[in-house]
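Everything below belongs to entry_13.cif, which stores mmCIF, C-alpha atoms and all ligand atoms.
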```
data_final
loop_
_atom_site.label_atom_id
_atom_site.label_comp_id
_atom_site.auth_asym_id
_atom_site.auth_seq_id
_atom_site.Cartn_x
_atom_site.Cartn_y
_atom_site.Cartn_z
CA ALA F 153 99.92 132.08 -151.83
CA GLY F 154 100.95 130.42 -148.55
CA SER F 155 98.98 127.80 -146.64
CA ALA F 156 95.30 128.33 -145.94
CA THR F 157 96.11 128.47 -142.24
CA GLU F 158 98.78 131.16 -142.72
CA ALA F 159 97.42 134.30 -141.06
CA ARG F 160 96.52 136.86 -143.69
CA LYS F 161 98.16 140.26 -143.52
CA PRO F 162 96.02 142.72 -141.53
CA ASN F 163 93.81 145.08 -143.51
CA VAL F 164 94.34 148.68 -142.41
CA VAL F 165 92.46 151.71 -143.71
CA ILE F 166 94.16 155.10 -143.60
CA LEU F 167 91.72 158.00 -143.20
CA ALA F 168 93.54 161.19 -144.23
CA THR F 169 92.40 164.53 -142.86
CA GLY F 170 95.33 166.84 -143.75
CA GLY F 171 97.92 168.46 -141.49
CA THR F 172 101.66 168.72 -141.81
CA ILE F 173 102.04 165.02 -142.52
CA ALA F 174 100.41 165.98 -145.81
CA GLY F 175 102.32 169.23 -145.94
CA ALA F 176 104.91 170.56 -148.33
CA GLY F 177 107.49 173.28 -147.85
CA ALA F 178 109.28 175.30 -150.49
CA ASP F 179 112.74 174.16 -149.45
CA ALA F 180 114.37 171.27 -147.58
CA SER F 181 115.45 173.69 -144.89
CA ASN F 182 111.80 174.63 -144.26
CA SER F 183 110.99 172.59 -141.15
CA ALA F 184 108.46 175.13 -139.84
CA THR F 185 107.60 177.22 -142.90
CA TYR F 186 105.34 175.16 -145.18
CA GLN F 187 101.75 174.62 -146.23
CA ALA F 188 99.81 171.92 -144.37
CA ALA F 189 97.17 169.71 -146.03
CA LYS F 190 98.48 169.49 -149.57
CA VAL F 191 99.56 165.87 -150.28
CA PRO F 192 96.72 163.39 -151.05
CA VAL F 193 96.41 160.11 -149.16
CA ASP F 194 97.51 157.86 -152.06
CA LYS F 195 100.76 159.84 -152.31
CA LEU F 196 101.27 159.52 -148.54
CA ILE F 197 100.92 155.75 -148.90
CA ALA F 198 103.14 155.59 -152.01
CA ALA F 199 105.85 157.48 -150.11
CA VAL F 200 106.16 154.65 -147.55
CA PRO F 201 106.35 151.37 -149.54
CA ALA F 202 107.52 149.50 -146.38
CA MET F 203 103.89 149.67 -145.22
CA ALA F 204 103.06 146.88 -147.64
CA ASN F 205 105.26 144.49 -145.60
CA VAL F 206 103.11 145.16 -142.55
CA ALA F 207 99.54 145.31 -143.82
CA ASN F 208 97.24 145.57 -146.81
CA VAL F 209 96.67 149.32 -146.78
CA ARG F 210 94.11 151.45 -148.56
CA GLY F 211 93.39 155.14 -148.13
CA GLU F 212 90.38 157.46 -147.96
CA GLN F 213 90.64 161.25 -148.12
CA VAL F 214 88.08 162.32 -145.50
CA PHE F 215 89.24 165.96 -145.33
CA GLN F 216 92.26 167.95 -146.45
CA ILE F 217 92.53 170.57 -143.71
CA ALA F 218 94.95 171.95 -141.19
CA SER F 219 93.73 170.57 -137.89
CA GLU F 220 93.22 173.96 -136.18
CA SER F 221 90.28 174.22 -138.58
CA PHE F 222 88.47 171.08 -137.36
CA THR F 223 84.81 171.68 -136.48
CA ASP F 224 82.61 169.48 -134.29
CA ALA F 225 80.69 168.46 -137.41
CA GLN F 226 83.91 167.18 -138.96
CA LEU F 227 84.90 165.41 -135.75
CA ILE F 228 81.55 163.59 -135.78
CA GLN F 229 81.82 162.75 -139.49
CA LEU F 230 85.28 161.27 -138.90
CA GLY F 231 84.08 159.32 -135.86
CA LYS F 232 81.14 157.84 -137.75
CA ARG F 233 83.41 156.74 -140.62
CA VAL F 234 85.83 155.06 -138.16
CA SER F 235 82.93 153.30 -136.45
CA GLN F 236 81.48 152.14 -139.77
CA LEU F 237 84.81 150.76 -141.02
CA LEU F 238 85.64 148.92 -137.79
CA LYS F 239 82.31 147.09 -137.99
CA GLN F 240 83.55 145.48 -141.21
CA ASP F 241 85.16 142.02 -140.78
CA ASP F 242 87.67 142.87 -143.51
CA VAL F 243 89.02 145.90 -141.58
CA ASP F 244 91.46 145.11 -138.75
CA GLY F 245 92.50 148.62 -137.82
CA VAL F 246 92.27 152.27 -138.79
CA VAL F 247 94.98 154.92 -139.02
CA ILE F 248 94.02 158.58 -139.10
CA THR F 249 96.55 161.07 -140.50
CA HIS F 250 95.88 164.39 -138.85
CA GLY F 251 97.36 167.80 -138.13
CA THR F 252 99.15 167.88 -134.80
CA ASP F 253 97.47 171.07 -133.50
CA THR F 254 94.23 169.39 -132.45
CA LEU F 255 95.33 165.77 -132.74
CA GLU F 256 94.91 165.35 -128.98
CA GLU F 257 91.26 166.37 -129.12
CA THR F 258 90.43 163.97 -131.95
CA ALA F 259 92.30 161.14 -130.20
CA LEU F 260 90.35 161.64 -126.95
CA PHE F 261 87.04 162.02 -128.82
CA LEU F 262 87.47 158.71 -130.67
CA ASN F 263 88.59 157.06 -127.41
CA LEU F 264 85.27 158.09 -125.87
CA VAL F 265 82.76 157.35 -128.64
CA VAL F 266 83.93 154.56 -131.01
CA ARG F 267 82.60 151.26 -129.67
CA SER F 268 85.34 148.99 -131.00
CA ASP F 269 88.39 147.26 -129.52
CA LYS F 270 90.19 147.25 -132.86
CA PRO F 271 93.22 149.55 -133.01
CA ILE F 272 92.58 153.19 -133.91
CA VAL F 273 95.86 155.05 -134.37
CA VAL F 274 96.03 158.81 -134.89
CA VAL F 275 99.27 160.11 -136.40
CA GLY F 276 100.76 163.37 -137.59
CA SER F 277 104.13 164.90 -138.19
CA MET F 278 105.98 167.94 -137.01
CA ARG F 279 107.82 168.48 -140.29
CA PRO F 280 106.60 168.30 -143.90
CA SER F 281 107.88 165.42 -146.07
CA THR F 282 109.93 167.98 -148.04
CA ALA F 283 112.03 168.91 -144.99
CA ILE F 284 115.40 167.43 -144.00
CA SER F 285 114.80 164.86 -141.18
CA ALA F 286 111.09 164.72 -141.97
CA ASP F 287 109.29 162.60 -139.33
CA GLY F 288 106.06 161.79 -141.19
CA ALA F 289 107.12 158.65 -143.02
CA LEU F 290 108.31 156.75 -139.93
CA ASN F 291 105.39 158.05 -137.85
CA LEU F 292 103.01 156.72 -140.52
CA LEU F 293 104.79 153.36 -140.80
CA ASP F 294 104.69 153.07 -137.00
CA ALA F 295 100.98 153.90 -137.02
CA VAL F 296 100.26 151.14 -139.55
CA THR F 297 102.42 148.76 -137.49
CA ALA F 298 100.47 149.60 -134.32
CA ALA F 299 97.14 149.34 -136.16
CA SER F 300 98.21 145.85 -137.32
CA SER F 301 99.35 144.75 -133.87
CA LYS F 302 97.27 142.23 -131.91
CA GLU F 303 98.74 143.74 -128.72
CA ALA F 304 97.16 147.07 -129.63
CA VAL F 305 93.66 145.55 -129.47
CA GLY F 306 91.70 146.92 -126.52
CA LYS F 307 94.29 149.56 -125.60
CA GLY F 308 92.16 152.50 -126.64
CA VAL F 309 93.02 155.08 -129.25
CA LEU F 310 96.77 155.26 -129.78
CA VAL F 311 99.07 158.00 -131.09
CA THR F 312 102.41 157.06 -132.67
CA MET F 313 104.82 159.99 -132.81
CA ASN F 314 108.63 160.03 -132.51
CA ASP F 315 108.83 156.22 -132.01
CA TYR F 316 106.56 156.28 -128.95
CA ILE F 317 103.06 154.82 -128.55
CA GLN F 318 101.00 157.29 -126.53
CA ALA F 319 97.49 156.89 -125.14
CA GLY F 320 94.99 159.01 -127.05
CA ARG F 321 93.39 159.90 -123.72
CA ASP F 322 96.56 161.37 -122.22
CA VAL F 323 98.75 162.62 -125.07
CA THR F 324 99.18 166.34 -125.63
CA LYS F 325 101.26 168.56 -127.91
CA ARG F 326 103.72 170.43 -125.68
CA THR F 327 105.74 172.31 -128.25
CA ASN F 328 105.25 173.33 -131.86
CA ILE F 329 108.56 172.77 -133.65
CA VAL F 330 110.29 169.49 -132.75
CA PRO F 331 109.53 165.78 -133.48
CA SER F 332 109.39 165.09 -129.71
CA ALA F 333 106.45 167.51 -129.34
CA PHE F 334 104.01 164.92 -127.97
CA SER F 335 104.07 163.46 -124.48
CA SER F 336 101.66 162.19 -121.85
CA GLN F 337 101.22 163.18 -118.21
CA TRP F 338 101.18 159.48 -117.23
CA GLY F 339 103.88 158.40 -119.67
CA PRO F 340 103.81 156.55 -122.99
CA LEU F 341 102.22 153.08 -123.31
CA GLY F 342 105.21 151.77 -125.27
CA MET F 343 107.26 152.10 -128.44
CA VAL F 344 107.39 150.98 -132.03
CA VAL F 345 110.92 149.90 -132.90
CA GLU F 346 111.92 148.50 -136.30
CA GLY F 347 108.43 147.41 -137.22
CA LYS F 348 107.39 145.90 -133.89
CA THR F 349 105.19 147.25 -131.08
CA TYR F 350 106.49 147.04 -127.51
CA PHE F 351 103.84 147.74 -124.85
CA PHE F 352 104.73 148.30 -121.17
CA ARG F 353 101.39 149.43 -119.81
CA ALA F 354 97.68 149.52 -120.72
CA PRO F 355 95.08 152.27 -120.20
CA TYR F 356 93.11 152.13 -116.95
CA LYS F 357 90.19 154.50 -117.61
CA ARG F 358 86.94 153.67 -119.50
CA HIS F 359 87.20 153.86 -123.27
CA ASN F 360 85.77 152.47 -126.53
CA THR F 361 83.85 149.25 -125.75
CA SER F 362 83.66 150.14 -122.03
CA SER F 363 82.30 153.61 -122.81
CA GLU F 364 78.69 154.65 -122.24
CA PHE F 365 78.93 156.94 -125.29
CA ASP F 366 78.41 155.83 -128.89
CA ILE F 367 79.23 157.87 -132.02
CA ASP F 368 76.46 156.01 -133.87
CA THR F 369 73.95 157.86 -131.65
CA ILE F 370 75.67 161.28 -131.67
CA ASP F 371 74.82 163.75 -134.47
CA SER F 372 75.93 166.98 -132.83
CA LEU F 373 77.93 168.28 -129.89
CA PRO F 374 76.86 171.14 -127.60
CA LEU F 375 79.07 174.23 -127.63
CA VAL F 376 81.65 174.23 -124.82
CA ALA F 377 83.91 177.27 -124.35
CA ILE F 378 87.34 177.54 -122.74
CA VAL F 379 88.34 180.71 -120.90
CA TYR F 380 92.07 181.00 -120.26
CA GLY F 381 93.00 182.15 -116.77
CA SER F 382 95.51 184.93 -116.08
CA GLY F 383 95.88 188.01 -113.88
CA ASN F 384 93.49 190.92 -114.38
CA MET F 385 90.64 188.86 -115.82
CA PHE F 386 87.25 190.33 -116.76
CA PRO F 387 83.67 188.96 -116.48
CA GLY F 388 82.91 189.60 -120.17
CA ALA F 389 84.98 186.59 -121.25
CA TYR F 390 82.48 184.33 -119.48
CA THR F 391 79.25 186.18 -120.29
CA ALA F 392 80.30 186.28 -123.97
CA ALA F 393 80.59 182.46 -123.92
CA VAL F 394 77.13 182.15 -122.36
CA ASP F 395 75.70 184.61 -124.91
CA ALA F 396 77.27 182.49 -127.69
CA GLY F 397 75.27 179.51 -126.39
CA ALA F 398 77.96 177.64 -124.48
CA LYS F 399 76.40 174.82 -122.42
CA ALA F 400 79.59 174.62 -120.35
CA ILE F 401 82.60 176.81 -119.73
CA VAL F 402 85.96 175.18 -119.02
CA ASN F 403 87.91 177.57 -116.85
CA ALA F 404 91.61 177.03 -117.65
CA GLY F 405 92.51 178.39 -114.26
CA THR F 406 95.92 179.19 -112.84
CA GLY F 407 97.63 176.57 -110.66
CA ASN F 408 95.08 174.33 -108.93
CA GLY F 409 92.37 175.48 -111.34
CA SER F 410 92.01 178.70 -109.37
CA VAL F 411 89.37 181.38 -109.93
CA PRO F 412 90.21 185.00 -109.02
CA GLY F 413 88.21 186.17 -105.98
CA TYR F 414 86.72 189.02 -108.02
CA LEU F 415 85.30 186.51 -110.56
CA VAL F 416 83.68 183.95 -108.23
CA ASP F 417 80.33 185.77 -108.33
CA THR F 418 80.46 185.87 -112.15
CA LEU F 419 80.96 182.09 -112.32
CA LYS F 420 78.31 181.46 -109.66
CA ASP F 421 75.92 183.55 -111.78
CA VAL F 422 76.90 181.67 -114.95
CA ARG F 423 76.09 178.38 -113.14
CA GLN F 424 72.83 179.68 -111.72
CA LYS F 425 71.75 180.68 -115.25
CA GLY F 426 72.22 177.05 -116.38
CA THR F 427 75.71 176.89 -117.89
CA LEU F 428 78.06 174.28 -116.42
CA VAL F 429 81.34 175.51 -114.91
CA ILE F 430 84.29 173.11 -115.16
CA ARG F 431 87.49 173.96 -113.33
CA SER F 432 90.60 172.84 -115.26
CA SER F 433 94.16 174.12 -114.98
CA ARG F 434 96.33 176.01 -117.46
CA VAL F 435 99.50 174.35 -116.06
CA GLY F 436 99.43 171.55 -118.62
CA ASP F 437 99.78 168.52 -116.33
CA GLY F 438 96.95 169.63 -114.08
CA PHE F 439 95.36 167.60 -111.30
CA VAL F 440 92.28 169.45 -110.09
CA LEU F 441 90.40 168.12 -107.04
CA ARG F 442 86.89 168.96 -105.87
CA ASN F 443 86.52 171.52 -103.07
CA ALA F 444 90.28 172.11 -102.88
CA GLU F 445 90.71 175.57 -104.39
CA GLN F 446 86.99 176.42 -104.50
CA PRO F 447 83.87 174.99 -102.72
CA ASP F 448 82.66 173.12 -105.82
CA ASP F 449 79.90 171.30 -103.89
CA LYS F 450 78.50 174.64 -102.74
CA TYR F 451 78.70 176.31 -106.17
CA ASP F 452 77.63 173.15 -108.07
CA TRP F 453 80.76 173.24 -110.24
CA VAL F 454 82.62 170.31 -111.84
CA VAL F 455 86.39 169.68 -111.77
CA ALA F 456 88.34 168.37 -114.77
CA HIS F 457 90.75 166.19 -112.71
CA ASP F 458 93.77 165.50 -114.99
CA PHE F 459 92.19 166.61 -118.28
CA ASN F 460 93.83 169.71 -119.75
CA PRO F 461 91.41 172.45 -120.85
CA GLN F 462 91.12 171.33 -124.48
CA LYS F 463 90.51 167.72 -123.48
CA ALA F 464 88.08 168.76 -120.74
CA LYS F 465 86.15 170.60 -123.45
CA ILE F 466 85.88 167.40 -125.56
CA LEU F 467 84.84 165.24 -122.60
CA ALA F 468 82.30 167.81 -121.42
CA ALA F 469 80.77 168.11 -124.90
CA VAL F 470 80.46 164.32 -125.23
CA ALA F 471 79.07 163.97 -121.69
CA LEU F 472 76.52 166.72 -122.35
CA THR F 473 75.06 164.66 -125.20
CA LYS F 474 73.76 162.40 -122.39
CA THR F 475 73.33 164.48 -119.25
CA SER F 476 73.70 167.95 -117.76
CA ASP F 477 73.46 166.71 -114.19
CA THR F 478 76.61 167.93 -112.40
CA LYS F 479 76.92 164.79 -110.27
CA GLU F 480 76.82 162.68 -113.46
CA LEU F 481 79.25 165.03 -115.17
CA GLN F 482 81.68 164.70 -112.27
CA ARG F 483 81.35 160.89 -112.32
CA ILE F 484 82.21 160.94 -116.00
CA PHE F 485 85.29 163.09 -115.38
CA TRP F 486 86.48 160.61 -112.74
CA GLU F 487 85.76 157.47 -114.82
CA TYR F 488 87.05 158.34 -118.33
N1 LIG B 1 98.46 173.62 -139.06
C1 LIG B 1 98.91 172.60 -138.16
C2 LIG B 1 97.93 171.41 -138.19
O1 LIG B 1 97.45 171.08 -139.26
C3 LIG B 1 100.26 172.10 -138.54
C4 LIG B 1 100.84 171.28 -137.46
C5 LIG B 1 101.05 169.86 -137.88
O2 LIG B 1 100.20 169.23 -138.51
O3 LIG B 1 102.08 169.34 -137.45
O4 LIG B 1 97.69 170.84 -137.12
#
```

Please, can you express the file's structure as structure tokens?
Amino acid sequence: AGSATEARKPNVVILATGGTIAGAGADASNSATYQAAKVPVDKLIAAVPAMANVANVRGEQVFQIASESFTDAQLIQLGKRVSQLLKQDDVDGVVITHGTDTLEETALFLNLVVRSDKPIVVVGSMRPSTAISADGALNLLDAVTAASSKEAVGKGVLVTMNDYIQAGRDVTKRTNIVPSAFSSQWGPLGMVVEGKTYFFRAPYKRHNTSSEFDIDTIDSLPLVAIVYGSGNMFPGAYTAAVDAGAKAIVNAGTGNGSVPGYLVDTLKDVRQKGTLVIRSSRVGDGFVLRNAEQPDDKYDWVVAHDFNPQKAKILAAVALTKTSDTKELQRIFWEY
């Protein structure tokens, strides 16, 4: 029972959406050949009894999908459920189990729109639980540990993979077959080691309670397309996005977010017809500046700064729920 003053164990809710962490392979040697989104949330929890030492945990099965199949509608549904739960006094933190393919998009989205300082930890695994050296169980235990940690409060959405604590804003999946797949351009925030969180830095950019966006007021996201830059591009990739109703096109340009000379007129035309043009870079750890590679002021384009194309798409979609003014869009890309 303990004394009345003894701090109660944190209450953490695990929202399961699918992915490899809920995957199962035919054989223990299958580390890459398996089916994602099979194991239900209560079995995920039962598989890691050590969680009970850290927090009172209960699970909800929100979806059971591989994360490449996430739609904006599902992203919004998940965000609203997280927001609703964190408003409850008897919920101290939320863990979201998720496929790793689009984990970085969901982590950034929640960082932008959930107005709570309580820990939100997104977690996945690179191997199914049936594989030798499966990483899901420890990743999940670390996620519950981080979600229970007072030090995690106010640090934005976190991602616990491979013992590290990454910032949801920065983390990206850089490879598709090893437990160390996730890293951040600006480094991890810390580690979880033997059931304790160790933080060495805190996020600097606007997020959660300092955000101007609020999932409780968002019911849909405008379509934003990404066009991947390469040699020998063609205008149709961009006009097809406009025809599909894209309100913005993220150009995953080469190097500095470059646009081929023979496509500048196409993108100027796209902008003049009302679709936003956002210059990002395909390099992965991009750092795109205004008016460096292209005269963005003159063409009324926006630059994605350090957001990779898939994160720039999420930020642009969220920003467009409030404004389509390019100066406001650019402010948002600098501030978040
Ligand atoms: N289909 C991928 C996904 O659900 C599997 C990758 C994983 O979850 O690790 O994201």

* Best match for closeness to ligand LIG 1 (chain B) among F:Leu264, F:Val429, F:Ala189, F:Leu167, counting only C-alpha atoms and all ligand atoms -> F:Ala189

Which chain F residues have any atom within 9 Å of an atom of ligand LIG 1 (chain B), and for each, what is the nearest pair of atoms with distance in Å to one decimal, counting all atoms listed in the file, rows sorted by chain and number, as a tab-separated table?
```
residue	atom	partner	partner_atom	distance
F:Gly170	CA	B:LIG1	O1	6.5
F:Gly171	CA	B:LIG1	O1	3.5
F:Thr172	CA	B:LIG1	O2	3.6
F:Ile173	CA	B:LIG1	O2	6.1
F:Ala174	CA	B:LIG1	O2	8.0
F:Gly175	CA	B:LIG1	O2	7.7
F:Ala184	CA	B:LIG1	C3	8.8
F:Tyr186	CA	B:LIG1	C3	8.9
F:Gln187	CA	B:LIG1	N1	8.0
F:Ala188	CA	B:LIG1	O1	5.7
F:Ala189	CA	B:LIG1	O1	6.9
F:Ile217	CA	B:LIG1	O1	6.7
F:Ala218	CA	B:LIG1	O1	3.3
F:Ser219	CA	B:LIG1	O1	4.0
F:Glu220	CA	B:LIG1	O4	5.5
F:Ser221	CA	B:LIG1	O1	7.9
F:His250	CA	B:LIG1	O2	6.5
F:Gly251	CA	B:LIG1	O2	3.2
F:Thr252	CA	B:LIG1	O4	4.0
F:Asp253	CA	B:LIG1	O4	3.6
F:Thr254	CA	B:LIG1	O4	6.0
F:Leu255	CA	B:LIG1	O4	7.1
F:Gly276	CA	B:LIG1	O2	6.0
F:Ser277	CA	B:LIG1	O3	4.9
F:Met278	CA	B:LIG1	O3	4.2
F:Arg279	CA	B:LIG1	O3	6.5
F:Pro280	CA	B:LIG1	O3	7.9
F:Asn328	CA	B:LIG1	C4	7.4
F:Ile329	CA	B:LIG1	O3	8.3
```

* To do: Taking (79.7, 162.9, -119.9) in the file's own coordinates, collect the residues within 6 Å, counting all atoms listed in the file, and hand them back as a PyMOL selection string.
  => chain F and resi 468+470-472+481+484

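Shortest separation to Val305 in chain F among F:Glu480, F:Asp194, F:Glu346, F:Asp269 occurs at residue F:Asp269, atoms counted being all atoms listed in the file.
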
* Spatial neighbours of Ala299 in chain F, max dist 10 Å, only C-alpha atoms, sep filter under 5 positions, as a ChimeraX atom specification -> /F:162-166,206-207,244-247,270-274,293-294,304-305,309-310,312,349

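CA of Glu257 in chain F is found 24.4 Å from CA of Ile197 in chain F.
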
Can you pull out every residue within 12 Å of Ile228 in chain F, counting all atoms listed in the file, but drop anything in the same chain fewer than 4 positions away, and send it as a compact mmCIF listing (two decimals) with C-alpha atoms, keeping the file's coordinate frame?
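Once written, selection_33.txt looks like this:
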```txt
# COMPACT_ATOMS: atom_id res chain seq x y z
CA VAL F 214 88.08 162.32 -145.50
CA PHE F 222 88.47 171.08 -137.36
CA THR F 223 84.81 171.68 -136.48
CA ASP F 224 82.61 169.48 -134.29
CA LYS F 232 81.14 157.84 -137.75
CA ARG F 233 83.41 156.74 -140.62
CA VAL F 234 85.83 155.06 -138.16
CA SER F 235 82.93 153.30 -136.45
CA THR F 258 90.43 163.97 -131.95
CA PHE F 261 87.04 162.02 -128.82
CA LEU F 262 87.47 158.71 -130.67
CA LEU F 264 85.27 158.09 -125.87
CA VAL F 265 82.76 157.35 -128.64
CA VAL F 266 83.93 154.56 -131.01
CA ASP F 366 78.41 155.83 -128.89
CA ILE F 367 79.23 157.87 -132.02
CA ASP F 368 76.46 156.01 -133.87
CA THR F 369 73.95 157.86 -131.65
CA ILE F 370 75.67 161.28 -131.67
CA ASP F 371 74.82 163.75 -134.47
CA SER F 372 75.93 166.98 -132.83
CA LEU F 373 77.93 168.28 -129.89
CA ILE F 466 85.88 167.40 -125.56
CA ALA F 469 80.77 168.11 -124.90
CA VAL F 470 80.46 164.32 -125.23
```

* Pairwise distance for CA of Lys307 in chain F and CA of Ala259 in chain F, rounded to one decimal in Å -> 12.6 Å

* Kindly indicate which residue among F:Val275, F:Ala176, F:Ala289, F:Ile284 lies nearest to Pro201 in chain F, using all atoms listed in the file for the distances. => F:Ala289

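Considering the residues F:Asn208, F:Ser335, F:Gln216, F:Thr327 and counting only C-alpha atoms, Pro192 in chain F has its shortest atom-to-atom contact with F:Gln216.
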
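Minimum atom-to-atom distance to Arg358 in chain F, evaluated using all atoms listed in the file, belongs to F:Leu260 out of F:Ala199, F:Leu260, F:Leu230, F:Ala168.
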
* To do: May I have the residues within 6 Å of Met343 in chain F as a list of chain:residue names, using all atoms listed in the file and disregarding those fewer than 2 positions away in the same chain?
  => F:Asp315, F:Tyr316, F:Ile317, F:Thr349, F:Tyr350

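One distance worth recording is that between CA of Ser332 in chain F and CA of Asn314 in chain F, which is 5.8 Å.
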
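For the residues F:Arg210, F:Lys348, F:Arg326, F:Asn182, ranking by smallest atom-to-atom distance to Ser285 in chain F using all atoms listed in the file places F:Asn182 first.
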
Can I get the residues of range 269-329 of chain F within 9 Å of range 452-463 of chain F, each with the closest pair of atoms and their distance in Å to one decimal, using all atoms listed in the file, sorted chain first then ascending number, as a tab-separated table?
```
residue	atom	partner	partner_atom	distance
F:Arg321	CA	F:Lys463	CA	8.3
F:Asp322	CA	F:Phe459	CA	7.9
F:Thr324	CA	F:Asn460	CA	8.6
```
